[in-house]
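Asks: Sending over input.cif (mmCIF, C-alpha atoms).
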```cif
data_coords
loop_
_atom_site.group_PDB
_atom_site.id
_atom_site.type_symbol
_atom_site.label_atom_id
_atom_site.label_comp_id
_atom_site.auth_asym_id
_atom_site.auth_seq_id
_atom_site.Cartn_x
_atom_site.Cartn_y
_atom_site.Cartn_z
ATOM 1 C CA MET A 58 -225.806 22.960 176.172
ATOM 2 C CA SER A 59 -223.671 21.916 179.152
ATOM 3 C CA ASN A 60 -223.294 18.343 180.246
ATOM 4 C CA SER A 61 -225.382 18.932 183.350
ATOM 5 C CA SER A 62 -228.308 20.321 181.283
ATOM 6 C CA PHE A 63 -228.125 17.297 179.018
ATOM 7 C CA ASP A 64 -228.079 14.996 182.025
ATOM 8 C CA ILE A 65 -231.169 16.703 183.476
ATOM 9 C CA PHE A 66 -232.975 16.362 180.133
ATOM 10 C CA HIS A 67 -231.923 12.706 179.877
ATOM 11 C CA GLN A 68 -233.102 11.984 183.426
ATOM 12 C CA ALA A 69 -236.449 13.682 182.662
ATOM 13 C CA ARG A 70 -237.084 10.973 180.069
ATOM 14 C CA ARG A 71 -237.012 8.386 182.853
ATOM 15 C CA VAL A 72 -239.514 10.185 185.073
ATOM 16 C CA LEU A 73 -243.130 9.269 184.290
ATOM 17 C CA CYS A 74 -246.093 11.446 185.192
ATOM 18 C CA LYS A 75 -249.809 10.835 185.306
ATOM 19 C CA CYS A 76 -252.133 13.615 184.122
ATOM 20 C CA PRO A 77 -254.664 14.500 186.843
ATOM 21 C CA GLU A 78 -257.256 15.442 184.182
ATOM 22 C CA CYS A 79 -257.193 12.529 181.700
ATOM 23 C CA GLY A 80 -255.069 9.919 183.498
ATOM 24 C CA GLU A 81 -252.623 9.610 180.562
ATOM 25 C CA ILE A 82 -249.059 8.615 181.461
ATOM 26 C CA SER A 83 -246.292 10.654 179.848
ATOM 27 C CA ARG A 84 -242.585 11.261 180.223
ATOM 28 C CA LEU A 85 -241.665 14.390 182.173
ATOM 29 C CA ASN A 86 -239.752 15.841 179.232
ATOM 30 C CA GLU A 87 -242.843 15.439 176.976
ATOM 31 C CA ILE A 88 -245.482 17.164 179.088
ATOM 32 C CA ASP A 89 -246.733 20.661 178.376
ATOM 33 C CA ILE A 90 -247.386 22.322 181.710
ATOM 34 C CA LYS A 91 -249.966 25.097 181.716
ATOM 35 C CA SER A 92 -251.210 27.195 184.546
ATOM 36 C CA GLY A 93 -254.313 29.327 184.851
ATOM 37 C CA VAL A 94 -252.208 32.445 185.446
ATOM 38 C CA ILE A 95 -251.955 34.834 182.503
ATOM 39 C CA THR A 96 -248.444 36.124 182.045
ATOM 40 C CA ASP A 97 -247.137 39.042 180.014
ATOM 41 C CA PRO A 98 -246.222 38.048 176.469
ATOM 42 C CA THR A 99 -242.557 37.465 175.778
ATOM 43 C CA TRP A 100 -240.649 38.164 172.560
ATOM 44 C CA LEU A 101 -241.202 34.515 171.597
ATOM 45 C CA ASP A 102 -244.988 34.924 171.932
ATOM 46 C CA GLU A 103 -244.869 37.986 169.673
ATOM 47 C CA TYR A 104 -242.677 36.096 167.214
ATOM 48 C CA ASP A 105 -245.146 33.185 167.126
ATOM 49 C CA ASP A 106 -248.039 35.607 166.533
ATOM 50 C CA ASN A 107 -246.120 37.291 163.710
ATOM 51 C CA MET A 108 -245.325 33.918 162.140
ATOM 52 C CA ASP A 109 -248.999 32.938 162.333
ATOM 53 C CA ASP A 110 -249.952 36.218 160.641
ATOM 54 C CA PHE A 111 -247.261 35.634 158.010
ATOM 55 C CA ASP A 112 -248.472 32.084 157.325
ATOM 56 C CA THR A 113 -252.057 33.324 156.985
ATOM 57 C CA SER A 114 -251.011 36.126 154.624
ATOM 58 C CA ASN A 115 -248.810 33.773 152.628
ATOM 59 C CA GLN A 116 -251.668 31.283 152.203
ATOM 60 C CA LYS A 117 -254.044 34.081 151.168
ATOM 61 C CA PHE A 118 -251.481 35.264 148.593
ATOM 62 C CA ALA A 119 -251.048 31.712 147.239
ATOM 63 C CA ASP A 120 -254.827 31.294 146.934
ATOM 64 C CA GLU A 121 -255.207 34.640 145.121
ATOM 65 C CA LYS A 122 -252.297 33.784 142.827
ATOM 66 C CA ALA A 123 -253.826 30.408 141.929
ATOM 67 C CA GLU A 124 -257.199 32.053 141.248
ATOM 68 C CA LEU A 125 -255.631 34.731 139.008
ATOM 69 C CA LYS A 126 -253.615 32.093 137.170
ATOM 70 C CA ALA A 127 -256.731 29.992 136.539
ATOM 71 C CA LYS A 128 -258.617 33.051 135.224
ATOM 72 C CA ALA A 129 -255.701 34.051 132.981
ATOM 73 C CA THR A 130 -255.409 30.508 131.641
ATOM 74 C CA ALA A 131 -259.109 30.375 130.802
ATOM 75 C CA LYS A 132 -258.937 33.810 129.157
ATOM 76 C CA GLY A 133 -255.847 32.770 127.186
ATOM 77 C CA ARG A 134 -257.514 29.586 125.935
ATOM 78 C CA ILE A 135 -260.509 31.539 124.695
ATOM 79 C CA LYS A 136 -258.236 34.057 122.958
ATOM 80 C CA ALA A 137 -256.103 31.291 121.420
ATOM 81 C CA GLU A 138 -259.213 29.588 120.059
ATOM 82 C CA LYS A 139 -260.431 32.851 118.495
ATOM 83 C CA ASP A 140 -256.971 33.540 117.076
ATOM 84 C CA MET A 141 -256.830 30.037 115.558
ATOM 85 C CA GLN A 142 -260.301 30.475 114.044
ATOM 86 C CA ASN A 143 -259.224 33.808 112.541
ATOM 87 C CA PHE A 144 -256.030 32.237 111.232
ATOM 88 C CA ILE A 145 -257.969 29.422 109.609
ATOM 89 C CA LYS A 146 -260.467 31.838 108.079
ATOM 90 C CA LYS A 147 -257.728 34.090 106.697
ATOM 91 C CA SER A 148 -255.432 31.376 105.400
ATOM 92 C CA LEU A 149 -257.832 28.807 103.987
ATOM 93 C CA ILE A 150 -259.982 28.535 100.963
ATOM 94 C CA PRO A 151 -263.692 29.235 101.641
ATOM 95 C CA ALA A 152 -264.611 25.542 101.786
ATOM 96 C CA TYR A 153 -262.250 24.991 104.762
ATOM 97 C CA GLN A 154 -263.633 28.037 106.560
ATOM 98 C CA GLN A 155 -266.966 26.259 106.963
ATOM 99 C CA MET A 156 -265.485 23.279 108.854
ATOM 100 C CA SER A 157 -267.125 22.527 112.151
ATOM 101 C CA TYR A 158 -263.951 21.131 113.758
ATOM 102 C CA ASP A 159 -262.495 22.598 116.910
ATOM 103 C CA PRO A 160 -259.583 24.761 115.706
ATOM 104 C CA ARG A 161 -257.383 23.316 118.479
ATOM 105 C CA ASP A 162 -257.793 19.884 116.845
ATOM 106 C CA ILE A 163 -256.261 21.072 113.549
ATOM 107 C CA ARG A 164 -252.517 20.783 112.924
ATOM 108 C CA VAL A 165 -250.795 22.369 109.942
ATOM 109 C CA ILE A 166 -248.620 19.911 108.007
ATOM 110 C CA GLY A 167 -248.169 21.824 104.760
ATOM 111 C CA HIS A 168 -246.821 19.071 102.533
ATOM 112 C CA PRO A 169 -247.948 16.620 101.219
ATOM 113 C CA VAL A 170 -251.254 17.350 102.955
ATOM 114 C CA ASP A 171 -252.289 20.758 104.240
ATOM 115 C CA PHE A 172 -253.779 19.777 107.608
ATOM 116 C CA VAL A 173 -254.363 16.863 109.952
ATOM 117 C CA VAL A 174 -257.502 17.053 112.082
ATOM 118 C CA PHE A 175 -257.614 15.031 115.298
ATOM 119 C CA ASN A 176 -261.370 15.356 115.756
ATOM 120 C CA GLY A 177 -262.048 15.500 119.506
ATOM 121 C CA GLY A 178 -258.362 15.772 120.454
ATOM 122 C CA ASN A 179 -258.877 18.895 122.552
ATOM 123 C CA LYS A 180 -261.777 17.299 124.436
ATOM 124 C CA VAL A 181 -259.576 14.281 125.197
ATOM 125 C CA ARG A 182 -256.897 16.659 126.518
ATOM 126 C CA MET A 183 -259.506 18.422 128.672
ATOM 127 C CA LYS A 184 -260.757 14.967 129.877
ATOM 128 C CA LYS A 185 -264.266 15.562 128.524
ATOM 129 C CA ILE A 186 -264.185 12.455 126.288
ATOM 130 C CA ASP A 187 -262.011 9.329 126.244
ATOM 131 C CA SER A 188 -260.839 9.116 122.637
ATOM 132 C CA VAL A 189 -260.431 10.963 119.347
ATOM 133 C CA LYS A 190 -263.451 10.446 117.034
ATOM 134 C CA GLU A 191 -261.464 10.433 113.774
ATOM 135 C CA VAL A 192 -258.195 11.474 112.179
ATOM 136 C CA LEU A 193 -258.677 13.404 108.973
ATOM 137 C CA LEU A 194 -256.132 14.445 106.345
ATOM 138 C CA LEU A 195 -257.134 17.638 104.523
ATOM 139 C CA SER A 196 -255.692 19.044 101.314
ATOM 140 C CA LYS A 197 -257.124 21.392 98.754
ATOM 141 C CA LYS A 198 -257.432 20.236 95.154
ATOM 142 C CA THR A 199 -254.371 20.921 93.061
ATOM 143 C CA ASP A 200 -253.496 21.039 89.392
ATOM 144 C CA ASP A 201 -249.931 19.823 90.061
ATOM 145 C CA PRO A 202 -249.724 16.267 88.635
ATOM 146 C CA HIS A 203 -246.902 15.238 91.012
ATOM 147 C CA LEU A 204 -248.906 16.340 94.076
ATOM 148 C CA GLN A 205 -252.042 14.661 92.669
ATOM 149 C CA LYS A 206 -250.084 11.404 92.317
ATOM 150 C CA LEU A 207 -248.774 11.751 95.880
ATOM 151 C CA HIS A 208 -252.286 12.406 97.232
ATOM 152 C CA SER A 209 -253.579 9.402 95.296
ATOM 153 C CA SER A 210 -250.863 7.148 96.715
ATOM 154 C CA ILE A 211 -251.644 8.348 100.268
ATOM 155 C CA HIS A 212 -255.323 7.613 99.632
ATOM 156 C CA ASP A 213 -254.443 4.100 98.405
ATOM 157 C CA VAL A 214 -252.297 3.396 101.472
ATOM 158 C CA ILE A 215 -255.205 4.356 103.739
ATOM 159 C CA GLU A 216 -257.768 2.396 101.715
ATOM 160 C CA ASN A 217 -255.554 -0.740 101.783
ATOM 161 C CA ASN A 218 -254.777 -0.415 105.517
ATOM 162 C CA GLU A 219 -251.054 -0.262 104.718
ATOM 163 C CA TYR A 220 -250.087 1.923 107.651
ATOM 164 C CA ALA A 221 -248.976 1.329 111.223
ATOM 165 C CA TRP A 222 -248.630 3.179 114.503
ATOM 166 C CA GLN A 223 -245.057 3.486 115.710
ATOM 167 C CA THR A 224 -243.569 5.335 118.643
ATOM 168 C CA ALA A 225 -240.084 6.780 118.226
ATOM 169 C CA LYS A 226 -237.873 6.878 121.312
ATOM 170 C CA VAL A 227 -234.707 8.948 121.302
ATOM 171 C CA VAL A 228 -232.133 7.849 123.882
ATOM 172 C CA ASP A 229 -228.555 9.121 123.811
ATOM 173 C CA GLY A 230 -228.999 10.317 120.220
ATOM 174 C CA LYS A 231 -230.217 6.909 118.987
ATOM 175 C CA ILE A 232 -233.725 6.467 117.628
ATOM 176 C CA THR A 233 -235.657 3.251 118.166
ATOM 177 C CA LEU A 234 -239.120 2.576 116.762
ATOM 178 C CA GLU A 235 -241.696 0.608 118.688
ATOM 179 C CA SER A 236 -244.822 -0.758 116.987
ATOM 180 C CA LYS A 237 -248.142 -1.281 118.705
#
```
Mind turning the file's structure into structure tokens?

Replies:
Amino acid sequence: MSNSSFDIFHQARRVLCKCPECGEISRLNEIDIKSGVITDPTWLDEYDDNMDDFDTSNQKFADEKAELKAKATAKGRIKAEKDMQNFIKKSLIPAYQQMSYDPRDIRVIGHPVDFVVFNGGNKVRMKKIDSVKEVLLLSKKTDDPHLQKLHSSIHDVIENNEYAWQTAKVVDGKITLESK
């Protein structure tokens, strides 16, 4: 832009105009002058139309993508729940197969207990309820005397309220425990 064009633009900021329709006062460089005469479209008009079409198509694509993603997520959750139920039925003794817990609330520990059930945990995650109903440790009966002793000691710790909630924070490879 040449100096003279800049000077004209700068001077247009000093000139004030009053709209004959609404009476609003504006700077000359801010007004949008329109006439009643229809002119032939320019390349810029066609570009603006194309950009509007593109924006509309892009928004439609984004909406369709979000809808498909939501459907796929719902379908995947249903499949995961069925898969977990099948896993539990195939891998557990018959007594565990009759449990009425949501399979998504069950976590496999393996040793020294088989499972931990956070009853209602999935509903808390889905914001259907505010808190877990209970935490349950599940293990099948064993003939191993060492495992029986371990299970008994875990039972005693729970019965005597000799447990605490701690949160472990790992920062720069160092672990700190915080108690509630």

Asks: Assuming the chain letters and numbering stay as they are in my file, what does the PyMOL selection byres ((chain A and resi 166-179) around 7) actually select? List them as a PyMOL selection string.

Replies: chain A and resi 158+161-165+180-183+189-196

Asks: Would you list the contacts of A:Leu73 as a PDB file with C-alpha atoms, in the coordinates of the input, taking every protein, DNA or RNA residue within 7 Å and counting all atoms listed in the file, but skipping same-chain residues closer than 4 positions in sequence?

Replies:
```
ATOM      1  CA  ILE A  82    -249.059   8.615 181.461  1.00  0.00           C
ATOM      2  CA  SER A  83    -246.292  10.654 179.848  1.00  0.00           C
ATOM      3  CA  ARG A  84    -242.585  11.261 180.223  1.00  0.00           C
ATOM      4  CA  LEU A  85    -241.665  14.390 182.173  1.00  0.00           C
TER       5      LEU A  85
END
```

Asks: My list of candidates is A:Met108, A:Cys76, A:Leu207, A:Asp159. Which is closest to A:Lys91 when distances are computed with only C-alpha atoms?

Replies: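 Of A:Met108, A:Cys76, A:Leu207, A:Asp159, the one nearest A:Lys91, counting only C-alpha atoms, is A:Cys76.
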
Asks: Adding 4 Å on each side of the box along x, y and z that holds all listed atoms of stretch 123-135 of chain A, could you give its centre and edge lengths in Å to one decimal, as lines of an AutoDock Vina configuration file?

Replies:
```
center_x = -257.1
center_y = 32.2
center_z = 133.3
size_x = 14.9
size_y = 13.1
size_z = 25.2
```

Asks: If we draw a sphere of 8 Å around (-247.5, 0.5, 112.9), which residues have at least one atom in it when counting only C-alpha atoms? Please report them as JSON, numbers by chain.

Replies: {"A": [220, 221, 222, 223, 236, 237]}

Asks: Hey, what's within 8 Å of A:Glu235 if we count all atoms listed in the file and toss same-chain stuff fewer than 3 positions away? As a ChimeraX atom specification, please?

Replies: /A:223-226

Asks: How many Å lie between atom CA of A:Lys132 and atom CA of A:Gln116, rounded to one decimal?

Replies: 24.3 Å

Asks: Could you please determine the separation between atom CA of A:Lys185 and atom CA of A:Leu125 in Å, to one decimal place?

Replies: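 Rounded to one decimal, the two atoms are 23.5 Å apart.
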
Asks: To one decimal in Å, tell me the separation between atom CA of A:Lys136 and atom CA of A:Ala119.

Replies: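 For atom CA of A:Lys136 relative to atom CA of A:Ala119, the distance reads 25.4 Å.
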
Asks: Using only C-alpha atoms, find the one residue out of A:Lys122, A:Ser209, A:Glu87, A:Asp106 that sits nearest to A:Phe66.

Replies: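 Nearest to A:Phe66: A:Glu87.
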
Asks: Please fill the gaps in stretch 204-236 of chain A so it has N, CA and C atoms, and write that as a compact mmCIF listing (two decimals), in the coordinates of the input.

Replies:
```
# COMPACT_ATOMS: atom_id res chain seq x y z
N LEU A 204 -248.19 16.30 92.79
CA LEU A 204 -248.91 16.34 94.08
C LEU A 204 -250.18 15.50 94.00
N GLN A 205 -250.86 15.50 92.84
CA GLN A 205 -252.04 14.66 92.67
C GLN A 205 -251.67 13.18 92.82
N LYS A 206 -250.54 12.79 92.23
CA LYS A 206 -250.08 11.40 92.32
C LYS A 206 -249.75 11.05 93.77
N LEU A 207 -249.11 11.97 94.47
CA LEU A 207 -248.77 11.75 95.88
C LEU A 207 -250.04 11.62 96.72
N HIS A 208 -251.01 12.49 96.51
CA HIS A 208 -252.29 12.41 97.23
C HIS A 208 -252.98 11.08 96.93
N SER A 209 -252.95 10.66 95.69
CA SER A 209 -253.58 9.40 95.30
C SER A 209 -252.91 8.22 95.99
N SER A 210 -251.57 8.26 96.06
CA SER A 210 -250.86 7.15 96.72
C SER A 210 -251.16 7.12 98.22
N ILE A 211 -251.28 8.29 98.84
CA ILE A 211 -251.64 8.35 100.27
C ILE A 211 -253.04 7.77 100.46
N HIS A 212 -253.95 8.14 99.59
CA HIS A 212 -255.32 7.61 99.63
C HIS A 212 -255.31 6.09 99.53
N ASP A 213 -254.51 5.55 98.59
CA ASP A 213 -254.44 4.10 98.40
C ASP A 213 -253.88 3.40 99.64
N VAL A 214 -252.87 3.98 100.25
CA VAL A 214 -252.30 3.40 101.47
C VAL A 214 -253.36 3.30 102.56
N ILE A 215 -254.15 4.36 102.71
CA ILE A 215 -255.20 4.36 103.74
C ILE A 215 -256.28 3.34 103.39
N GLU A 216 -256.73 3.33 102.15
CA GLU A 216 -257.77 2.40 101.72
C GLU A 216 -257.34 0.94 101.90
N ASN A 217 -256.06 0.63 101.68
CA ASN A 217 -255.55 -0.74 101.78
C ASN A 217 -255.02 -1.09 103.18
N ASN A 218 -255.26 -0.20 104.14
CA ASN A 218 -254.78 -0.42 105.52
C ASN A 218 -253.28 -0.73 105.57
N GLU A 219 -252.49 -0.04 104.77
CA GLU A 219 -251.05 -0.26 104.72
C GLU A 219 -250.31 0.79 105.54
N TYR A 220 -250.72 0.96 106.76
CA TYR A 220 -250.09 1.92 107.65
C TYR A 220 -250.01 1.30 109.03
N ALA A 221 -249.17 1.86 109.87
CA ALA A 221 -248.98 1.33 111.22
C ALA A 221 -248.72 2.48 112.18
N TRP A 222 -248.94 2.22 113.45
CA TRP A 222 -248.63 3.18 114.50
C TRP A 222 -247.28 2.78 115.08
N GLN A 223 -246.35 3.74 115.11
CA GLN A 223 -245.06 3.49 115.71
C GLN A 223 -244.71 4.65 116.62
N THR A 224 -244.03 4.32 117.71
CA THR A 224 -243.57 5.34 118.64
C THR A 224 -242.05 5.39 118.55
N ALA A 225 -241.53 6.60 118.32
CA ALA A 225 -240.08 6.78 118.23
C ALA A 225 -239.55 7.21 119.58
N LYS A 226 -238.53 6.50 120.06
CA LYS A 226 -237.87 6.88 121.31
C LYS A 226 -236.45 7.30 120.99
N VAL A 227 -236.06 8.45 121.51
CA VAL A 227 -234.71 8.95 121.30
C VAL A 227 -233.98 8.86 122.64
N VAL A 228 -232.94 8.02 122.68
CA VAL A 228 -232.13 7.85 123.88
C VAL A 228 -230.67 7.96 123.48
N ASP A 229 -229.97 8.90 124.10
CA ASP A 229 -228.56 9.12 123.81
C ASP A 229 -228.29 9.31 122.32
N GLY A 230 -229.18 10.02 121.64
CA GLY A 230 -229.00 10.32 120.22
C GLY A 230 -229.36 9.17 119.29
N LYS A 231 -229.82 8.06 119.82
CA LYS A 231 -230.22 6.91 118.99
C LYS A 231 -231.74 6.81 118.97
N ILE A 232 -232.27 6.56 117.79
CA ILE A 232 -233.72 6.47 117.63
C ILE A 232 -234.12 5.01 117.48
N THR A 233 -235.09 4.59 118.30
CA THR A 233 -235.66 3.25 118.17
C THR A 233 -237.15 3.41 117.94
N LEU A 234 -237.69 2.55 117.06
CA LEU A 234 -239.12 2.58 116.76
C LEU A 234 -239.78 1.38 117.43
N GLU A 235 -240.91 1.66 118.06
CA GLU A 235 -241.70 0.61 118.69
C GLU A 235 -243.05 0.59 118.04
N SER A 236 -243.51 -0.60 117.62
CA SER A 236 -244.82 -0.76 116.99
C SER A 236 -245.83 -1.22 118.01
```
